[in-house]
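Novice: Quick one, coords_7.pdb (PDB, C-alpha atoms):
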ATOM      1  CA  MET A   1      -5.478   7.982   7.816  1.00  0.00           C
ATOM      2  CA  VAL A   2      -1.903   8.425   8.962  1.00  0.00           C
ATOM      3  CA  ASP A   3      -1.277   7.463  12.603  1.00  0.00           C
ATOM      4  CA  ASP A   4       1.380   8.748  15.024  1.00  0.00           C
ATOM      5  CA  ALA A   5       3.959   6.070  14.136  1.00  0.00           C
ATOM      6  CA  GLU A   6       3.516   6.836  10.437  1.00  0.00           C
ATOM      7  CA  MET A   7       3.883  10.567  11.120  1.00  0.00           C
ATOM      8  CA  ARG A   8       7.270   9.808  12.709  1.00  0.00           C
ATOM      9  CA  HIS A   9       8.338   8.080   9.486  1.00  0.00           C
ATOM     10  CA  LEU A  10       7.102  11.017   7.426  1.00  0.00           C
ATOM     11  CA  ARG A  11       8.965  13.465   9.654  1.00  0.00           C
ATOM     12  CA  ARG A  12      12.098  11.392   9.050  1.00  0.00           C
ATOM     13  CA  CYS A  13      11.470  11.740   5.311  1.00  0.00           C
ATOM     14  CA  VAL A  14      11.426  15.518   5.729  1.00  0.00           C
ATOM     15  CA  GLU A  15      14.684  15.282   7.733  1.00  0.00           C
ATOM     16  CA  LEU A  16      16.256  13.254   4.916  1.00  0.00           C
ATOM     17  CA  ALA A  17      15.002  15.814   2.380  1.00  0.00           C
ATOM     18  CA  THR A  18      16.646  18.504   4.501  1.00  0.00           C
ATOM     19  CA  GLU A  19      19.898  16.498   4.505  1.00  0.00           C
ATOM     20  CA  ALA A  20      19.697  16.286   0.719  1.00  0.00           C
ATOM     21  CA  LEU A  21      19.209  20.048   0.476  1.00  0.00           C
ATOM     22  CA  GLU A  22      22.130  20.699   2.817  1.00  0.00           C
ATOM     23  CA  ALA A  23      24.278  18.446   0.599  1.00  0.00           C
ATOM     24  CA  GLY A  24      23.370  20.587  -2.432  1.00  0.00           C
ATOM     25  CA  ASP A  25      20.747  18.212  -3.758  1.00  0.00           C
ATOM     26  CA  LYS A  26      17.037  18.440  -4.530  1.00  0.00           C
ATOM     27  CA  PRO A  27      15.135  17.959  -1.249  1.00  0.00           C
ATOM     28  CA  PHE A  28      13.550  14.515  -1.229  1.00  0.00           C
ATOM     29  CA  GLY A  29      13.773  11.711   1.329  1.00  0.00           C
ATOM     30  CA  SER A  30      12.183   8.283   1.772  1.00  0.00           C
ATOM     31  CA  VAL A  31      11.939   5.482   4.336  1.00  0.00           C
ATOM     32  CA  LEU A  32      11.105   1.789   3.790  1.00  0.00           C
ATOM     33  CA  VAL A  33       9.238   0.173   6.694  1.00  0.00           C
ATOM     34  CA  ASP A  34       8.292  -3.492   7.130  1.00  0.00           C
ATOM     35  CA  ALA A  35       4.881  -4.823   8.160  1.00  0.00           C
ATOM     36  CA  ASP A  36       5.872  -4.591  11.842  1.00  0.00           C
ATOM     37  CA  GLY A  37       6.819  -0.913  11.577  1.00  0.00           C
ATOM     38  CA  ARG A  38      10.594  -1.448  11.583  1.00  0.00           C
ATOM     39  CA  VAL A  39      12.674   0.837   9.392  1.00  0.00           C
ATOM     40  CA  LEU A  40      14.565  -1.349   6.918  1.00  0.00           C
ATOM     41  CA  ALA A  41      16.244   1.284   4.768  1.00  0.00           C
ATOM     42  CA  GLU A  42      16.178   5.000   4.081  1.00  0.00           C
ATOM     43  CA  ASP A  43      17.713   7.317   1.546  1.00  0.00           C
ATOM     44  CA  ARG A  44      17.702  10.861   0.229  1.00  0.00           C
ATOM     45  CA  ASN A  45      17.993  12.361  -3.224  1.00  0.00           C
ATOM     46  CA  ARG A  46      21.445  12.015  -4.796  1.00  0.00           C
ATOM     47  CA  VAL A  47      21.015  13.568  -8.245  1.00  0.00           C
ATOM     48  CA  ALA A  48      23.384  16.520  -7.751  1.00  0.00           C
ATOM     49  CA  PHE A  49      26.298  14.774  -9.450  1.00  0.00           C
ATOM     50  CA  GLY A  50      24.476  14.255 -12.734  1.00  0.00           C
ATOM     51  CA  ASP A  51      22.623  10.927 -12.448  1.00  0.00           C
ATOM     52  CA  GLN A  52      19.002  12.040 -12.420  1.00  0.00           C
ATOM     53  CA  THR A  53      17.823   8.509 -11.581  1.00  0.00           C
ATOM     54  CA  ARG A  54      19.293   8.625  -8.053  1.00  0.00           C
ATOM     55  CA  HIS A  55      15.933   9.194  -6.378  1.00  0.00           C
ATOM     56  CA  PRO A  56      15.434   7.700  -2.891  1.00  0.00           C
ATOM     57  CA  GLU A  57      12.244   5.864  -3.889  1.00  0.00           C
ATOM     58  CA  PHE A  58      14.068   4.143  -6.756  1.00  0.00           C
ATOM     59  CA  ALA A  59      16.970   3.226  -4.451  1.00  0.00           C
ATOM     60  CA  LEU A  60      14.566   1.733  -1.897  1.00  0.00           C
ATOM     61  CA  ALA A  61      12.783  -0.315  -4.579  1.00  0.00           C
ATOM     62  CA  ARG A  62      16.139  -1.743  -5.688  1.00  0.00           C
ATOM     63  CA  TRP A  63      17.135  -2.404  -2.066  1.00  0.00           C
ATOM     64  CA  ALA A  64      13.842  -4.213  -1.459  1.00  0.00           C
ATOM     65  CA  ALA A  65      14.261  -6.362  -4.569  1.00  0.00           C
ATOM     66  CA  ALA A  66      17.714  -7.447  -3.396  1.00  0.00           C
ATOM     67  CA  ASN A  67      16.936  -7.926   0.299  1.00  0.00           C
ATOM     68  CA  MET A  68      13.300  -8.877   0.792  1.00  0.00           C
ATOM     69  CA  ALA A  69      11.094 -11.810  -0.180  1.00  0.00           C
ATOM     70  CA  PRO A  70       8.104 -10.959  -2.411  1.00  0.00           C
ATOM     71  CA  GLU A  71       5.616 -11.351   0.454  1.00  0.00           C
ATOM     72  CA  GLU A  72       7.706  -9.052   2.674  1.00  0.00           C
ATOM     73  CA  ARG A  73       7.818  -6.417  -0.076  1.00  0.00           C
ATOM     74  CA  ALA A  74       4.048  -6.586  -0.533  1.00  0.00           C
ATOM     75  CA  ALA A  75       3.512  -5.961   3.188  1.00  0.00           C
ATOM     76  CA  ALA A  76       6.008  -3.064   3.375  1.00  0.00           C
ATOM     77  CA  THR A  77       5.298   0.671   3.194  1.00  0.00           C
ATOM     78  CA  VAL A  78       7.369   3.381   1.562  1.00  0.00           C
ATOM     79  CA  PHE A  79       7.057   6.759   3.251  1.00  0.00           C
ATOM     80  CA  THR A  80       8.309   9.698   1.244  1.00  0.00           C
ATOM     81  CA  SER A  81       8.454  13.470   1.290  1.00  0.00           C
ATOM     82  CA  GLY A  82       7.054  13.748  -2.234  1.00  0.00           C
ATOM     83  CA  GLU A  83       4.833  11.579  -4.399  1.00  0.00           C
ATOM     84  CA  HIS A  84       6.837   9.174  -6.555  1.00  0.00           C
ATOM     85  CA  CYS A  85       7.725  10.336 -10.062  1.00  0.00           C
ATOM     86  CA  PRO A  86       6.721   7.952 -12.888  1.00  0.00           C
ATOM     87  CA  MET A  87      10.161   6.246 -12.849  1.00  0.00           C
ATOM     88  CA  CYS A  88       9.955   5.562  -9.107  1.00  0.00           C
ATOM     89  CA  ALA A  89       6.284   4.540  -9.242  1.00  0.00           C
ATOM     90  CA  ALA A  90       7.124   2.023 -11.972  1.00  0.00           C
ATOM     91  CA  ALA A  91      10.040   0.628  -9.955  1.00  0.00           C
ATOM     92  CA  HIS A  92       7.773   0.350  -6.898  1.00  0.00           C
ATOM     93  CA  GLY A  93       5.146  -1.509  -8.934  1.00  0.00           C
ATOM     94  CA  TRP A  94       7.607  -3.834 -10.679  1.00  0.00           C
ATOM     95  CA  VAL A  95       9.271  -4.797  -7.384  1.00  0.00           C
ATOM     96  CA  GLY A  96       5.881  -5.458  -5.770  1.00  0.00           C
ATOM     97  CA  LEU A  97       6.194  -3.106  -2.825  1.00  0.00           C
ATOM     98  CA  GLY A  98       3.089  -2.355  -0.771  1.00  0.00           C
ATOM     99  CA  ARG A  99       1.594   0.950   0.257  1.00  0.00           C
ATOM    100  CA  ILE A 100       3.040   4.415  -0.423  1.00  0.00           C
ATOM    101  CA  VAL A 101       2.436   7.343   1.920  1.00  0.00           C
ATOM    102  CA  TYR A 102       3.657  10.756   0.737  1.00  0.00           C
ATOM    103  CA  VAL A 103       3.706  14.250   2.223  1.00  0.00           C
ATOM    104  CA  SER A 104       3.257  16.329  -0.948  1.00  0.00           C
ATOM    105  CA  SER A 105       1.709  15.360  -4.270  1.00  0.00           C
ATOM    106  CA  SER A 106       3.153  15.655  -7.749  1.00  0.00           C
ATOM    107  CA  GLU A 107       0.424  18.176  -8.488  1.00  0.00           C
ATOM    108  CA  GLN A 108       1.509  20.318  -5.535  1.00  0.00           C
ATOM    109  CA  LEU A 109       5.177  20.043  -6.506  1.00  0.00           C
ATOM    110  CA  SER A 110       4.453  21.044 -10.102  1.00  0.00           C
ATOM    111  CA  ALA A 111       2.577  24.147  -8.937  1.00  0.00           C
ATOM    112  CA  TRP A 112       5.343  25.060  -6.478  1.00  0.00           C
ATOM    113  CA  LEU A 113       8.087  24.662  -9.088  1.00  0.00           C
ATOM    114  CA  ALA A 114       6.178  26.799 -11.578  1.00  0.00           C
ATOM    115  CA  GLU A 115       5.709  29.464  -8.888  1.00  0.00           C
ATOM    116  CA  LEU A 116       9.439  29.331  -8.061  1.00  0.00           C
ATOM    117  CA  GLY A 117      10.502  29.610 -11.707  1.00  0.00           C
ATOM    118  CA  ALA A 118      12.151  26.173 -11.746  1.00  0.00           C
ATOM    119  CA  PRO A 119      12.879  24.563 -15.102  1.00  0.00           C
ATOM    120  CA  PRO A 120      10.200  22.140 -16.267  1.00  0.00           C
ATOM    121  CA  SER A 121      10.657  18.441 -15.582  1.00  0.00           C
ATOM    122  CA  PRO A 122      11.761  16.299 -18.535  1.00  0.00           C
ATOM    123  CA  VAL A 123       9.201  13.701 -17.364  1.00  0.00           C
ATOM    124  CA  ARG A 124       5.467  14.275 -17.123  1.00  0.00           C
ATOM    125  CA  PRO A 125       4.383  14.347 -13.427  1.00  0.00           C
ATOM    126  CA  LEU A 126       1.817  11.553 -13.409  1.00  0.00           C
ATOM    127  CA  PRO A 127       0.097  10.459 -10.207  1.00  0.00           C
ATOM    128  CA  ILE A 128       1.301   7.101  -8.855  1.00  0.00           C
ATOM    129  CA  ARG A 129      -2.096   5.513  -9.531  1.00  0.00           C
ATOM    130  CA  GLU A 130      -1.727   6.225 -13.264  1.00  0.00           C
ATOM    131  CA  VAL A 131       1.637   4.446 -13.405  1.00  0.00           C
ATOM    132  CA  ALA A 132       1.102   1.654 -10.850  1.00  0.00           C
ATOM    133  CA  PRO A 133      -2.676   1.321 -10.433  1.00  0.00           C
ATOM    134  CA  GLY A 134      -2.479  -1.650  -8.059  1.00  0.00           C
ATOM    135  CA  VAL A 135      -0.471   0.189  -5.409  1.00  0.00           C
ATOM    136  CA  ALA A 136      -2.256   1.522  -2.314  1.00  0.00           C
ATOM    137  CA  VAL A 137      -1.454   5.233  -2.043  1.00  0.00           C
ATOM    138  CA  GLU A 138      -2.098   7.776   0.693  1.00  0.00           C
ATOM    139  CA  GLY A 139      -1.295  11.460   0.609  1.00  0.00           C
ATOM    140  CA  PRO A 140      -0.814  14.316   0.681  1.00  0.00           C
ATOM    141  CA  VAL A 141      -0.347  14.813   4.429  1.00  0.00           C
ATOM    142  CA  PRO A 142      -1.224  18.481   5.081  1.00  0.00           C
ATOM    143  CA  GLU A 143       0.496  18.625   8.491  1.00  0.00           C
ATOM    144  CA  LEU A 144       3.915  18.498   6.786  1.00  0.00           C
ATOM    145  CA  THR A 145       3.380  20.025   3.325  1.00  0.00           C
ATOM    146  CA  ASP A 146       4.517  23.504   4.391  1.00  0.00           C
ATOM    147  CA  GLN A 147       7.861  22.065   5.479  1.00  0.00           C
ATOM    148  CA  VAL A 148       8.339  20.344   2.118  1.00  0.00           C
ATOM    149  CA  TYR A 149       7.287  23.504   0.273  1.00  0.00           C
ATOM    150  CA  ASN A 150       9.848  25.528   2.232  1.00  0.00           C
ATOM    151  CA  LEU A 151      12.609  23.064   1.328  1.00  0.00           C
ATOM    152  CA  GLN A 152      11.733  23.504  -2.356  1.00  0.00           C
ATOM    153  CA  ARG A 153      11.771  27.295  -1.908  1.00  0.00           C
ATOM    154  CA  ARG A 154      15.231  27.100  -0.347  1.00  0.00           C
ATOM    155  CA  PHE A 155      16.535  24.835  -3.137  1.00  0.00           C
ATOM    156  CA  TYR A 156      15.319  27.148  -5.889  1.00  0.00           C
ATOM    157  CA  GLY A 157      16.615  30.271  -4.126  1.00  0.00           C
ATOM    158  CA  ALA A 158      13.331  31.886  -3.215  1.00  0.00           C
ATOM    159  CA  SER A 159      13.387  33.984  -0.080  1.00  0.00           C
TER
END
What does the file become when written as structure tokens?
Specialist:
Amino acid sequence: MVDDAEMRHLRRCVELATEALEAGDKPFGSVLVDADGRVLAEDRNRVAFGDQTRHPEFALARWAAANMAPEERAAATVFTSGEHCPMCAAAHGWVGLGRIVYVSSSEQLSAWLAELGAPPSPVRPLPIREVAPGVAVEGPVPELTDQVYNLQRRFYGAS
């Protein structure tokens, strides 16, 4: 169950996704939080200039590998507006980060993108647990999914 402090982190993820959208990018945002609830790093999607690996979850995994001890990574939580793609889930697992909490699932995103007429993903949308089975995962968080859906609608030009 997501508590009030965690909801604040998830709301920040939606704000970062909004920043990404306003910068002309796909709307995704993520926050890395330590075991004491302190925000260590945050990022938004940065794929608009052609590097499709510039996902915030991947950036946070790399940041954690460079800046945190293994035991600190294991105790950390990544909050994110959307469930990790397979690339980001693998990075999360390889780096040894702890729990993931996401607003909307890959299944939800796939359905939304199909509804909006978006081009299909070049990567199969697998759930995190299929890519990194040892990672604790929580989501979706229904209180914020409409906001994430509306960001996707705006990105893909739906009115």
Novice: So the first atom is atom CA of A:Val141 and the second is atom CA of A:Tyr102; what is the distance between them in Å, to one decimal place?
Specialist: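 Interatomic distance here is 6.8 Å.
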Novice: Measuring between all atoms listed in the file, which one of A:Pro86, A:Gly50, A:Pro56, A:Pro70 shows the shortest distance to A:Pro125?
Specialist: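 Checking each of A:Pro86, A:Gly50, A:Pro56, A:Pro70 against A:Pro125, counting all atoms listed in the file, the winner is A:Pro86.
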Novice: Counting only C-alpha atoms, figure out which residue out of A:Leu113, A:Leu151, A:Ala35, A:Ala69 gets nearest to A:Val95.
Specialist: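 Ranking A:Leu113, A:Leu151, A:Ala35, A:Ala69 by distance to A:Val95, first place goes to A:Ala69.
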Novice: Please write the residues picked by the PyMOL selection byres ((chain A and resi 124) around 10) on this file as a PDB file with C-alpha atoms, in the coordinates of the input.
Specialist:
ATOM      1  CA  CYS A  85       7.725  10.336 -10.062  1.00  0.00           C
ATOM      2  CA  PRO A  86       6.721   7.952 -12.888  1.00  0.00           C
ATOM      3  CA  SER A 106       3.153  15.655  -7.749  1.00  0.00           C
ATOM      4  CA  SER A 110       4.453  21.044 -10.102  1.00  0.00           C
ATOM      5  CA  PRO A 120      10.200  22.140 -16.267  1.00  0.00           C
ATOM      6  CA  SER A 121      10.657  18.441 -15.582  1.00  0.00           C
ATOM      7  CA  PRO A 122      11.761  16.299 -18.535  1.00  0.00           C
ATOM      8  CA  VAL A 123       9.201  13.701 -17.364  1.00  0.00           C
ATOM      9  CA  PRO A 125       4.383  14.347 -13.427  1.00  0.00           C
ATOM     10  CA  LEU A 126       1.817  11.553 -13.409  1.00  0.00           C
ATOM     11  CA  PRO A 127       0.097  10.459 -10.207  1.00  0.00           C
TER      12      PRO A 127
END
Novice: List the residues selected by the PyMOL selection byres ((chain A and resi 31) around 7) in the file shown, writing them as a ChimeraX atom specification.
Specialist: /A:9,13,30,32-33,39,41-43,78-80
Novice: List the neighbours of A:Val135 out to 9 Å using only C-alpha atoms; skip same-chain residues closer than 4 positions along the sequence, and give me the result as a PDB file with C-alpha atoms, in the frame of the given file.
Specialist:
ATOM      1  CA  ALA A  89       6.284   4.540  -9.242  1.00  0.00           C
ATOM      2  CA  HIS A  92       7.773   0.350  -6.898  1.00  0.00           C
ATOM      3  CA  GLY A  93       5.146  -1.509  -8.934  1.00  0.00           C
ATOM      4  CA  GLY A  96       5.881  -5.458  -5.770  1.00  0.00           C
ATOM      5  CA  LEU A  97       6.194  -3.106  -2.825  1.00  0.00           C
ATOM      6  CA  GLY A  98       3.089  -2.355  -0.771  1.00  0.00           C
ATOM      7  CA  ARG A  99       1.594   0.950   0.257  1.00  0.00           C
ATOM      8  CA  ILE A 100       3.040   4.415  -0.423  1.00  0.00           C
ATOM      9  CA  ILE A 128       1.301   7.101  -8.855  1.00  0.00           C
ATOM     10  CA  ARG A 129      -2.096   5.513  -9.531  1.00  0.00           C
TER      11      ARG A 129
END
Novice: To one decimal in Å, tell me the separation between atom CA of A:Arg12 and atom CA of A:Ala75.
Specialist: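 About the pair atom CA of A:Arg12 and atom CA of A:Ala75: they are 20.2 Å apart.
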Novice: As an exercise, work out the distance from atom CA of A:Gln147 to atom CA of A:Ala48 in Å and give it to one decimal place.
Specialist: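 Calculated distance between atom CA of A:Gln147 and atom CA of A:Ala48 is 21.1 Å.
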